[in-house]
Each structure stands twice: as C-alpha cells, then as structure tokens.
>>> print(open('run24.txt').read())   # compact mmCIF, N, CA and C atoms
# COMPACT_ATOMS: atom_id res chain seq x y z
N MET A 1 -17.58 -15.65 8.64
CA MET A 1 -18.39 -15.47 7.45
C MET A 1 -19.59 -14.59 7.76
N GLU A 2 -20.18 -14.80 8.92
CA GLU A 2 -21.34 -14.03 9.32
C GLU A 2 -21.01 -12.56 9.45
N LEU A 3 -19.82 -12.23 9.97
CA LEU A 3 -19.39 -10.85 10.13
C LEU A 3 -19.29 -10.16 8.78
N ARG A 4 -18.73 -10.83 7.79
CA ARG A 4 -18.61 -10.24 6.46
C ARG A 4 -19.98 -9.91 5.90
N GLY A 5 -20.95 -10.78 6.07
CA GLY A 5 -22.29 -10.51 5.59
C GLY A 5 -22.89 -9.28 6.26
N ALA A 6 -22.64 -9.12 7.55
CA ALA A 6 -23.13 -7.94 8.27
C ALA A 6 -22.46 -6.68 7.75
N GLN A 7 -21.16 -6.76 7.45
CA GLN A 7 -20.46 -5.60 6.91
C GLN A 7 -20.99 -5.23 5.54
N GLU A 8 -21.23 -6.23 4.71
CA GLU A 8 -21.76 -5.96 3.37
C GLU A 8 -23.16 -5.36 3.46
N ALA A 9 -23.96 -5.85 4.38
CA ALA A 9 -25.31 -5.32 4.54
C ALA A 9 -25.25 -3.86 4.99
N ARG A 10 -24.31 -3.54 5.87
CA ARG A 10 -24.17 -2.17 6.33
C ARG A 10 -23.64 -1.27 5.23
N ALA A 11 -22.78 -1.81 4.37
CA ALA A 11 -22.18 -1.01 3.31
C ALA A 11 -23.21 -0.60 2.25
N ALA A 12 -24.19 -1.44 2.00
CA ALA A 12 -25.21 -1.14 1.00
C ALA A 12 -26.42 -0.53 1.71
N THR A 13 -26.79 0.68 1.29
CA THR A 13 -27.91 1.35 1.94
C THR A 13 -29.18 1.19 1.12
N THR A 14 -30.26 1.66 1.66
CA THR A 14 -31.53 1.58 0.95
C THR A 14 -31.53 2.48 -0.29
N ARG A 15 -30.65 3.48 -0.31
CA ARG A 15 -30.57 4.36 -1.48
C ARG A 15 -29.65 3.78 -2.54
N GLY A 16 -29.08 2.61 -2.30
CA GLY A 16 -28.23 1.98 -3.27
C GLY A 16 -26.77 2.38 -3.19
N TYR A 17 -26.42 3.25 -2.25
CA TYR A 17 -25.03 3.65 -2.10
C TYR A 17 -24.23 2.51 -1.49
N VAL A 18 -23.06 2.24 -2.02
CA VAL A 18 -22.19 1.20 -1.47
C VAL A 18 -20.87 1.86 -1.09
N SER A 19 -20.54 1.79 0.19
CA SER A 19 -19.27 2.34 0.66
C SER A 19 -18.12 1.61 0.01
N GLN A 20 -16.99 2.30 -0.13
CA GLN A 20 -15.81 1.69 -0.72
C GLN A 20 -15.19 0.66 0.21
N SER A 21 -15.41 0.80 1.51
CA SER A 21 -14.93 -0.16 2.50
C SER A 21 -16.11 -0.61 3.34
N ALA A 22 -16.20 -1.90 3.54
CA ALA A 22 -17.33 -2.44 4.28
C ALA A 22 -17.37 -1.96 5.72
N ASP A 23 -16.22 -1.53 6.26
CA ASP A 23 -16.19 -1.09 7.65
C ASP A 23 -16.29 0.43 7.79
N THR A 24 -16.62 1.14 6.70
CA THR A 24 -16.75 2.60 6.74
C THR A 24 -18.21 2.99 6.61
N PRO A 25 -18.73 3.72 7.58
CA PRO A 25 -20.12 4.17 7.49
C PRO A 25 -20.33 5.07 6.26
N GLU A 26 -21.52 5.04 5.72
CA GLU A 26 -21.82 5.79 4.51
C GLU A 26 -21.51 7.27 4.65
N ASP A 27 -21.88 7.89 5.78
CA ASP A 27 -21.65 9.33 5.91
C ASP A 27 -20.17 9.67 5.88
N ILE A 28 -19.34 8.86 6.49
CA ILE A 28 -17.90 9.09 6.47
C ILE A 28 -17.34 8.85 5.07
N ASP A 29 -17.80 7.81 4.42
CA ASP A 29 -17.37 7.51 3.06
C ASP A 29 -17.69 8.67 2.13
N ARG A 30 -18.89 9.20 2.24
CA ARG A 30 -19.28 10.34 1.40
C ARG A 30 -18.42 11.56 1.69
N LEU A 31 -18.13 11.82 2.97
CA LEU A 31 -17.27 12.96 3.33
C LEU A 31 -15.88 12.81 2.72
N LEU A 32 -15.34 11.61 2.80
CA LEU A 32 -14.02 11.37 2.22
C LEU A 32 -14.01 11.64 0.72
N PHE A 33 -15.02 11.16 0.02
CA PHE A 33 -15.08 11.37 -1.42
C PHE A 33 -15.34 12.83 -1.77
N GLU A 34 -16.14 13.51 -1.00
CA GLU A 34 -16.35 14.95 -1.23
C GLU A 34 -15.04 15.71 -1.05
N HIS A 35 -14.32 15.37 0.01
CA HIS A 35 -13.03 16.03 0.25
C HIS A 35 -12.06 15.74 -0.90
N TRP A 36 -11.98 14.49 -1.30
CA TRP A 36 -11.09 14.11 -2.40
C TRP A 36 -11.45 14.87 -3.67
N ALA A 37 -12.73 15.05 -3.95
CA ALA A 37 -13.18 15.75 -5.15
C ALA A 37 -12.79 17.22 -5.13
N GLN A 38 -12.63 17.79 -3.95
CA GLN A 38 -12.28 19.21 -3.83
C GLN A 38 -10.78 19.47 -3.96
N LEU A 39 -9.99 18.42 -3.86
CA LEU A 39 -8.54 18.59 -3.95
C LEU A 39 -8.11 18.85 -5.39
N THR A 40 -7.06 19.63 -5.54
CA THR A 40 -6.49 19.83 -6.87
C THR A 40 -5.69 18.59 -7.25
N GLY A 41 -5.34 18.50 -8.51
CA GLY A 41 -4.52 17.40 -8.96
C GLY A 41 -3.18 17.37 -8.24
N ALA A 42 -2.60 18.54 -8.01
CA ALA A 42 -1.32 18.62 -7.32
C ALA A 42 -1.45 18.13 -5.88
N GLU A 43 -2.55 18.45 -5.22
CA GLU A 43 -2.76 17.99 -3.85
C GLU A 43 -2.93 16.47 -3.80
N LYS A 44 -3.69 15.93 -4.75
CA LYS A 44 -3.86 14.48 -4.82
C LYS A 44 -2.52 13.79 -5.08
N LEU A 45 -1.73 14.36 -5.99
CA LEU A 45 -0.42 13.79 -6.29
C LEU A 45 0.47 13.83 -5.04
N GLY A 46 0.43 14.93 -4.31
CA GLY A 46 1.21 15.04 -3.08
C GLY A 46 0.83 13.99 -2.06
N LEU A 47 -0.47 13.76 -1.89
CA LEU A 47 -0.93 12.71 -0.97
C LEU A 47 -0.44 11.34 -1.41
N ALA A 48 -0.55 11.08 -2.70
CA ALA A 48 -0.13 9.77 -3.22
C ALA A 48 1.38 9.59 -3.05
N MET A 49 2.14 10.65 -3.28
CA MET A 49 3.60 10.55 -3.14
C MET A 49 3.99 10.32 -1.68
N ARG A 50 3.32 11.02 -0.76
CA ARG A 50 3.61 10.80 0.66
C ARG A 50 3.24 9.39 1.09
N ALA A 51 2.14 8.88 0.57
CA ALA A 51 1.75 7.50 0.88
C ALA A 51 2.78 6.52 0.34
N SER A 52 3.29 6.77 -0.86
CA SER A 52 4.30 5.91 -1.45
C SER A 52 5.58 5.90 -0.62
N VAL A 53 5.99 7.07 -0.17
CA VAL A 53 7.18 7.17 0.68
C VAL A 53 6.96 6.40 1.98
N ALA A 54 5.77 6.53 2.55
CA ALA A 54 5.47 5.83 3.80
C ALA A 54 5.52 4.32 3.61
N VAL A 55 4.98 3.82 2.50
CA VAL A 55 5.01 2.39 2.21
C VAL A 55 6.45 1.91 2.09
N ARG A 56 7.27 2.68 1.40
CA ARG A 56 8.68 2.30 1.24
C ARG A 56 9.40 2.28 2.58
N GLU A 57 9.12 3.24 3.44
CA GLU A 57 9.75 3.29 4.76
C GLU A 57 9.34 2.09 5.61
N VAL A 58 8.06 1.76 5.60
CA VAL A 58 7.58 0.61 6.36
C VAL A 58 8.21 -0.67 5.80
N CYS A 59 8.26 -0.78 4.49
CA CYS A 59 8.87 -1.95 3.85
C CYS A 59 10.34 -2.05 4.24
N ALA A 60 11.07 -0.95 4.19
CA ALA A 60 12.49 -0.96 4.53
C ALA A 60 12.71 -1.36 5.98
N ARG A 61 11.88 -0.88 6.87
CA ARG A 61 12.01 -1.26 8.29
C ARG A 61 11.74 -2.75 8.48
N GLY A 62 10.74 -3.25 7.78
CA GLY A 62 10.44 -4.67 7.87
C GLY A 62 11.58 -5.53 7.35
N VAL A 63 12.15 -5.14 6.21
CA VAL A 63 13.27 -5.88 5.64
C VAL A 63 14.46 -5.81 6.58
N GLN A 64 14.72 -4.65 7.15
CA GLN A 64 15.84 -4.49 8.07
C GLN A 64 15.65 -5.36 9.32
N ALA A 65 14.42 -5.46 9.80
CA ALA A 65 14.14 -6.30 10.97
C ALA A 65 14.36 -7.78 10.64
N LEU A 66 14.05 -8.18 9.43
CA LEU A 66 14.24 -9.57 9.01
C LEU A 66 15.70 -9.90 8.71
N HIS A 67 16.47 -8.88 8.32
CA HIS A 67 17.86 -9.08 7.92
C HIS A 67 18.76 -8.05 8.59
N PRO A 68 18.88 -8.11 9.92
CA PRO A 68 19.67 -7.10 10.64
C PRO A 68 21.15 -7.10 10.27
N GLU A 69 21.65 -8.21 9.71
CA GLU A 69 23.06 -8.30 9.32
C GLU A 69 23.35 -7.66 7.97
N ALA A 70 22.31 -7.33 7.22
CA ALA A 70 22.48 -6.82 5.86
C ALA A 70 23.00 -5.39 5.87
N GLY A 71 23.89 -5.12 4.94
CA GLY A 71 24.40 -3.76 4.76
C GLY A 71 23.43 -2.93 3.95
N PRO A 72 23.73 -1.63 3.78
CA PRO A 72 22.82 -0.72 3.07
C PRO A 72 22.49 -1.16 1.64
N GLU A 73 23.48 -1.64 0.89
CA GLU A 73 23.24 -2.07 -0.49
C GLU A 73 22.31 -3.27 -0.54
N GLU A 74 22.57 -4.25 0.32
CA GLU A 74 21.72 -5.44 0.34
C GLU A 74 20.30 -5.07 0.76
N LEU A 75 20.17 -4.19 1.74
CA LEU A 75 18.83 -3.76 2.17
C LEU A 75 18.10 -3.07 1.03
N ARG A 76 18.81 -2.21 0.29
CA ARG A 76 18.19 -1.51 -0.84
C ARG A 76 17.68 -2.51 -1.87
N ILE A 77 18.47 -3.53 -2.14
CA ILE A 77 18.07 -4.54 -3.12
C ILE A 77 16.90 -5.37 -2.59
N ARG A 78 16.95 -5.74 -1.32
CA ARG A 78 15.85 -6.53 -0.74
C ARG A 78 14.54 -5.74 -0.76
N VAL A 79 14.61 -4.45 -0.50
CA VAL A 79 13.41 -3.60 -0.56
C VAL A 79 12.91 -3.57 -2.00
N ALA A 80 13.80 -3.43 -2.96
CA ALA A 80 13.40 -3.42 -4.37
C ALA A 80 12.71 -4.73 -4.75
N VAL A 81 13.22 -5.85 -4.24
CA VAL A 81 12.59 -7.15 -4.51
C VAL A 81 11.17 -7.17 -3.96
N ARG A 82 10.99 -6.64 -2.74
CA ARG A 82 9.65 -6.60 -2.15
C ARG A 82 8.70 -5.72 -2.97
N LEU A 83 9.21 -4.60 -3.45
CA LEU A 83 8.35 -3.65 -4.16
C LEU A 83 8.10 -4.02 -5.61
N TYR A 84 9.11 -4.55 -6.28
CA TYR A 84 9.02 -4.75 -7.73
C TYR A 84 9.09 -6.21 -8.17
N GLY A 85 9.46 -7.09 -7.25
CA GLY A 85 9.52 -8.51 -7.59
C GLY A 85 10.94 -8.95 -7.92
N GLU A 86 11.20 -10.20 -7.57
CA GLU A 86 12.53 -10.77 -7.75
C GLU A 86 12.96 -10.81 -9.21
N GLU A 87 12.03 -11.17 -10.09
CA GLU A 87 12.37 -11.31 -11.51
C GLU A 87 12.86 -9.99 -12.10
N LEU A 88 12.15 -8.91 -11.83
CA LEU A 88 12.54 -7.61 -12.38
C LEU A 88 13.87 -7.14 -11.79
N VAL A 89 14.04 -7.28 -10.49
CA VAL A 89 15.29 -6.84 -9.85
C VAL A 89 16.47 -7.64 -10.40
N ARG A 90 16.30 -8.94 -10.55
CA ARG A 90 17.38 -9.77 -11.10
C ARG A 90 17.69 -9.34 -12.53
N GLU A 91 16.66 -9.04 -13.31
CA GLU A 91 16.87 -8.61 -14.70
C GLU A 91 17.63 -7.28 -14.74
N LEU A 92 17.30 -6.36 -13.84
CA LEU A 92 17.95 -5.05 -13.84
C LEU A 92 19.34 -5.07 -13.24
N LEU A 93 19.53 -5.82 -12.16
CA LEU A 93 20.81 -5.81 -11.45
C LEU A 93 21.68 -7.04 -11.71
N GLY A 94 21.08 -8.06 -12.27
CA GLY A 94 21.82 -9.28 -12.53
C GLY A 94 21.90 -10.21 -11.34
N ARG A 95 21.32 -9.81 -10.22
CA ARG A 95 21.37 -10.65 -9.01
C ARG A 95 20.35 -10.14 -8.01
N VAL A 96 20.07 -11.01 -7.06
CA VAL A 96 19.28 -10.64 -5.88
C VAL A 96 19.94 -11.31 -4.69
N PRO A 97 19.72 -10.82 -3.48
CA PRO A 97 20.30 -11.47 -2.31
C PRO A 97 19.89 -12.95 -2.28
N GLY A 98 20.87 -13.79 -2.01
CA GLY A 98 20.64 -15.23 -2.00
C GLY A 98 21.20 -15.90 -3.22
N ASP A 99 21.42 -15.13 -4.32
CA ASP A 99 22.05 -15.71 -5.50
C ASP A 99 23.52 -15.99 -5.16
N GLU A 100 24.07 -17.01 -5.79
CA GLU A 100 25.49 -17.31 -5.61
C GLU A 100 26.32 -16.19 -6.22
N ALA A 101 27.32 -15.73 -5.52
CA ALA A 101 28.16 -14.63 -6.02
C ALA A 101 29.22 -15.14 -6.97
>>> encode(input="run24.txt", output="structure tokens")
Amino acid sequence: MELRGAQEARAATTRGYVSQSADTPEDIDRLLFEHWAQLTGAEKLGLAMRASVAVREVCARGVQALHPEAGPEELRIRVAVRLYGEELVRELLGRVPGDEA
C-alpha cells in the first residue's frame, strides 16, 4: 500500500500534471503524448492493429500451452472465447469446447 502512495505522489507534480501511469516519469509521459499527437490517423491505426495482432498471438500461445492436445479448430474457438467471451462464442457457433457434442 505504501508503494502505491509513493507512485501516486510521483505521478502528480507541483504543476498539476498527472502521468497516465504511476510508474512513468512525467518527462517520459509527456514525450509519449507529444509523439502520439504527431502521428497521423493511419499511423495510430497501424499501431493499434499491430498491438491487436500481438495480443491475439500471445493469447493463442497461452491457450495452446494450456491445451496442447487441441486441434486447430478447437484452439481457434478457445482463443475466441478468451477474446470475446463464452456467451458470445456459444451464440455464434452453437458450442464452445467442453460442451457435450
């Protein structure tokens, strides 16, 4: 608890600036936002799309590690459950892994 208070104190400066992350120094936070502001919409979209692909890849690797016996179709469905939720996947596909066949 004490560490969090120290992080919050560091995040808020005497000028009233509050970093977006408690563990990011103000000067770095400002540089990141300045850089982001200079990007075009297409560049921002590209960054977001690459981040989305990376999240999906990490998720797929995690699911594969948890279910090494699963085939490609089951892995695809398990990843969809992780990303979109069991209820939506079941509604769209009519089943999720673990349902009785």
>>> atom_distance(input="run24.txt", atom1="atom N of Ser21 of chain A", atom2="atom C of Ala37 of chain A")
17.9 Å
>>> atom_distance(input="run24.txt", atom1="atom CA of Asp99 of chain A", atom2="atom CA of Arg61 of chain A")
22.4 Å
>>> atom_distance(input="run24.txt", atom1="atom CA of Asp29 of chain A", atom2="atom C of Gly16 of chain A")
12.4 Å
>>> closest_residue(input="run24.txt", among="A:Pro25, A:Gly62, A:Gly41, A:Gly46", to="Leu75 of chain A", atoms="only C-alpha atoms")
A:Gly62
>>> closest_residue(input="run24.txt", among="A:Val58, A:Ala51, A:Val96, A:Leu45", to="Val81 of chain A", atoms="only C-alpha atoms")
A:Val96
